[in-house]
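Worksheet: one structure, shown below.
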Amino acid sequence: MRGITPGRSVALEVLRAARRGQRADRALAELSGRLRSRERAWTHDLVYGTLRLRGRIDHLLDHHVNGGTAALSADVLDLLRLGAYQLLFMDSVPDYAAVSQTVTQAKRVAGPGAGGLTNAVLRSLAGAGEDRSLFPRPDRDPVGYLSTWGSHPRWLVERWLERWRFEEVETLVEANNRIPDTCLLPLGIDVEQACGRLSAMGVAAELVGWGTGSVRLSRDAKPRDVLDAVPGIIQDPGATLVVRYARPAVGSVIADLCVAPGGKALALARDARYVVAADRSASRLRLARANWRRVSGPLGFVVADAAHPPLRPVDFVLLDAPCSGTGTLRRHPDAKWRLRPEDVPRLVQVQRALLDGAAGAVAAGGVLVYATCTLEPEENEGQVEAFLERHGEFSRAEPGEVPAELLDPLGQLAVWPQATGFDGAFAARLRRAGS
């Protein structure tokens with residue numbers, strides 16, 4: 001039996017890990033270490049592309065599997081998804097290689113019968129191609145269209161259509177299905193200097209704009225090489241805008257209570273007297289510390305629960321709260337298939353407890369910034385309204401320097417992927433009454 005390429009073996013293992021609830025990025029990092037750099041990049045494309053377009057692929061496979069995909073085992077379905085992505089979306093993979101390799105994997109995983117089924121389905125799919133006529137029409141079934149061709153969970157599409165027009169949700173879904181840009185926020189040098197250094201090393205870059213001070217890197221740029229040449233952090237402009245919006249006073253003592261992976265804390269540290277970088281996860285805190293070692297700054301790290309921060313009140317507190325993450329689905333496509341409707345109200349309760357804990361860490365006259373990377377109003381505007389009702393000592397404060405079109409009527413930061421092309425971000429700036 002012909003050997004299976006290492007990248008394809010890793011791809012299946014990553015999808016298996018994702019089914020168990022592990023994040024795809026962490027699983028891929030753990031499993032791809034033995035791959036050479038070119039195959040690692042190819043495997044990343046295969047895994048993430050399959051996850052982004054899983055809904056579209058499943059709809060197509062349903063038309064080629066007798067009885068539909070619901071009757072298949074999880075492994076065989078994932079192998080068909082991987083094979084279909086190679087056939088339809090990876091121009092570098094010949095059809096015969098996509099089919100033969102997937103058939104070999106199916107035989108090893110589930111036996112000769114699964115190999116025969118896989119062979120028949122993929123050959124049928126290769127002949128038919130990505131037939132758009134098989135999908136619901138957007139004018140007749142917008143939810144069906146956005147959940148199949150748009151490759152998003154039906155419940156999430158329905159939720160967004162209650163809030164936005166079809167055209168806006170379609171733009172959001174399309175944005176989520178694109179490969180995200182890699183952006184650099186220079187620290188310690190200005191953007192022009194950063195671009196000069198990048199140009200000298202042969203990396204094309206352009207300014208992002210929107211007041212971010214960030215640089216968009218070319219697709220072929222290697223982040224590790226870039227960070228060796230330019231002090232800074234790899235950070236989406238949506239996250240950078242949260243820091244711009246937060247705007248702590250120069251010389252503040254800052255507490256970032258959910259710091260990992262640490263990008264916002266490092267950006268805040270540029271003008272701070274000191275930053276307490278806290279996170280309840282020791283392993284994620286180590287990641288933040290590793291990022292800090294590259295650029296330094298006045299940071300101290302502590303393992304702590306934001307619901308009970310072991311701090312005396314400080315000038316400025318950032319609570320970048322755990323959330324449903326629906327603003328970052330292009331970067332974490334596995335999340336849209338892992339997320340369930342009941343997760344949103346559960347996370348609202350977690351955020352509520354963290355906000356109440358964070359409030360006690362803010363000194364009189366100090367500022368609390370609540371931030372998320374979700375698009376869901378219960379976790380954003382609704383969460384802030386409920387907090388202000390519980391804590392009469394807090395009121396909304398003036399926002400930092402961000403474009404006016406990124407502020408809602410209450411002065412809260414609202415970065416939507418469908419409007420900016422950035423990751424989604426929300427933030428509210430709240431001031432505690434003085435003593």
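Each chain in the structure tokens gets a letter, A, B, ..., in the order shown, and its residues are numbered from 1; ligands are numbered from 1 in order too.
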Find the nearest atom pair between each residue of segment 42-62 of chain A and segment 4-16 of chain A for residues within 9 Å, count only C-alpha atoms, give distances in Å to one decimal, sort rows by chain and ascending number, and present the table as a Markdown table.
| residue | atom | partner | partner_atom | distance |
| --- | --- | --- | --- | --- |
| A:Trp42 | CA | A:Gly7 | CA | 7.4 |
| A:Thr43 | CA | A:Gly7 | CA | 5.3 |
| A:His44 | CA | A:Ala11 | CA | 8.0 |
| A:Leu46 | CA | A:Ala11 | CA | 7.1 |
| A:Val47 | CA | A:Ala11 | CA | 5.7 |
| A:Leu51 | CA | A:Leu15 | CA | 8.6 |
Mind writing the picked residues with N, CA and C atoms as an mmCIF file, in the first residue's frame?
data_model
loop_
_atom_site.group_PDB
_atom_site.id
_atom_site.type_symbol
_atom_site.label_atom_id
_atom_site.label_comp_id
_atom_site.auth_asym_id
_atom_site.auth_seq_id
_atom_site.Cartn_x
_atom_site.Cartn_y
_atom_site.Cartn_z
ATOM 1 N N TRP A 42 2.086 23.800 3.774
ATOM 2 C CA TRP A 42 1.062 23.120 2.958
ATOM 3 C C TRP A 42 -0.021 22.515 3.849
ATOM 4 N N THR A 43 0.395 21.915 4.953
ATOM 5 C CA THR A 43 -0.548 21.284 5.874
ATOM 6 C C THR A 43 -1.428 22.329 6.558
ATOM 7 N N HIS A 44 -0.837 23.450 6.897
ATOM 8 C CA HIS A 44 -1.612 24.551 7.478
ATOM 9 C C HIS A 44 -2.702 24.996 6.513
ATOM 10 N N LEU A 46 -4.069 23.223 4.112
ATOM 11 C CA LEU A 46 -5.063 22.151 3.994
ATOM 12 C C LEU A 46 -6.009 22.141 5.191
ATOM 13 N N VAL A 47 -5.471 22.201 6.396
ATOM 14 C CA VAL A 47 -6.300 22.132 7.600
ATOM 15 C C VAL A 47 -7.214 23.344 7.703
ATOM 16 N N LEU A 51 -11.333 23.668 7.256
ATOM 17 C CA LEU A 51 -12.187 24.170 8.338
ATOM 18 C C LEU A 51 -12.989 25.389 7.899
#
With the cut-off set at 9 Å and counting only C-alpha atoms, tabulate each residue of segment 297-324 of chain A with an atom at most that distance from an atom of segment 368-392 of chain A, showing the nearest atom pair and its distance in Å to one decimal, ordered by chain and increasing number, as a tab-separated table.
residue	atom	partner	partner_atom	distance
A:Asp315	CA	A:Leu368	CA	8.7
A:Phe316	CA	A:Leu368	CA	5.9
A:Val317	CA	A:Leu368	CA	4.8
A:Leu318	CA	A:Val369	CA	4.9
A:Leu319	CA	A:Tyr370	CA	5.0
A:Asp320	CA	A:Ala371	CA	4.6
A:Ala321	CA	A:Thr372	CA	5.6
A:Pro322	CA	A:Thr372	CA	7.1
A:Cys323	CA	A:Thr374	CA	6.2
A:Ser324	CA	A:Thr374	CA	5.8
Fill in: Spatial neighbours of Val215 of chain A, 6 Å, only C-alpha atoms, chain gap at least 4 places, as a list in words
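In the requested format, the answer is Cys183, Leu184, Glu206, Leu207 and Val208 of chain A.
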Write the selection just made, keeping N, CA and C atoms, as a PDB file, in the first residue's frame?
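Ended up saving to part-v1.pdb:
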ATOM      1  N   CYS A 183      -0.128  41.100  10.260  1.00  0.00           N
ATOM      2  CA  CYS A 183       0.196  42.507  10.494  1.00  0.00           C
ATOM      3  C   CYS A 183       1.170  42.649  11.655  1.00  0.00           C
ATOM      4  N   LEU A 184       2.032  43.626  11.532  1.00  0.00           N
ATOM      5  CA  LEU A 184       3.052  43.908  12.539  1.00  0.00           C
ATOM      6  C   LEU A 184       2.769  45.257  13.176  1.00  0.00           C
ATOM      7  N   GLU A 206       2.959  47.307   3.738  1.00  0.00           N
ATOM      8  CA  GLU A 206       2.200  48.537   3.508  1.00  0.00           C
ATOM      9  C   GLU A 206       1.512  48.948   4.799  1.00  0.00           C
ATOM     10  N   LEU A 207       1.265  50.240   4.930  1.00  0.00           N
ATOM     11  CA  LEU A 207       0.599  50.747   6.116  1.00  0.00           C
ATOM     12  C   LEU A 207      -0.857  50.287   6.139  1.00  0.00           C
ATOM     13  N   VAL A 208      -1.322  49.918   7.302  1.00  0.00           N
ATOM     14  CA  VAL A 208      -2.706  49.471   7.457  1.00  0.00           C
ATOM     15  C   VAL A 208      -3.663  50.651   7.476  1.00  0.00           C
TER      16      VAL A 208
END
Fill in: Exercise: Leu122 of chain A partners within 12 Å, only C-alpha atoms, chain neighbours under 6 positions left out, as a VMD selection string
chain A and resid 57 60 to 65 77 79 to 88 95 to 103 106 115 to 116 128 to 129
Just the selected residues (C-alpha atoms), exported as an mmCIF file, in the first residue's frame, please.
data_model
loop_
_atom_site.group_PDB
_atom_site.id
_atom_site.type_symbol
_atom_site.label_atom_id
_atom_site.label_comp_id
_atom_site.auth_asym_id
_atom_site.auth_seq_id
_atom_site.Cartn_x
_atom_site.Cartn_y
_atom_site.Cartn_z
ATOM 1 C CA ILE A 57 -17.719 20.992 1.287
ATOM 2 C CA LEU A 60 -21.304 19.143 -1.937
ATOM 3 C CA LEU A 61 -20.379 15.784 -0.429
ATOM 4 C CA ASP A 62 -24.017 15.196 0.511
ATOM 5 C CA HIS A 63 -24.824 15.089 -3.201
ATOM 6 C CA HIS A 64 -22.173 12.421 -3.853
ATOM 7 C CA VAL A 65 -22.579 10.120 -0.822
ATOM 8 C CA LEU A 77 -16.109 12.246 6.817
ATOM 9 C CA LEU A 79 -10.944 12.383 5.207
ATOM 10 C CA LEU A 80 -13.532 13.176 2.533
ATOM 11 C CA ARG A 81 -13.462 16.822 3.589
ATOM 12 C CA LEU A 82 -9.675 16.919 3.312
ATOM 13 C CA GLY A 83 -9.751 15.159 -0.036
ATOM 14 C CA ALA A 84 -12.475 17.451 -1.359
ATOM 15 C CA TYR A 85 -10.533 20.553 -0.337
ATOM 16 C CA GLN A 86 -7.465 19.280 -2.184
ATOM 17 C CA LEU A 87 -9.531 18.528 -5.293
ATOM 18 C CA LEU A 88 -11.470 21.779 -5.425
ATOM 19 C CA ASP A 95 -6.566 15.177 -8.793
ATOM 20 C CA TYR A 96 -5.047 11.699 -8.886
ATOM 21 C CA ALA A 97 -2.884 12.467 -5.840
ATOM 22 C CA ALA A 98 -5.799 13.887 -3.850
ATOM 23 C CA VAL A 99 -7.909 10.805 -4.586
ATOM 24 C CA SER A 100 -5.277 8.086 -4.199
ATOM 25 C CA GLN A 101 -3.813 9.479 -0.977
ATOM 26 C CA THR A 102 -7.239 9.932 0.616
ATOM 27 C CA VAL A 103 -8.308 6.427 -0.420
ATOM 28 C CA ALA A 106 -9.414 5.686 4.454
ATOM 29 C CA GLY A 115 -11.492 3.033 0.778
ATOM 30 C CA GLY A 116 -13.927 2.013 -1.944
ATOM 31 C CA ALA A 128 -18.774 17.480 -11.060
ATOM 32 C CA GLY A 129 -16.580 20.185 -9.502
#
Discussion item. Can you tell me, as a PyMOL selection string, which residues in segment 255-402 of chain A count as strand (DSSP E) by DSSP?
Written reply: chain A and resi 255-256+274-279+299-303+314-320+362-372+394-396
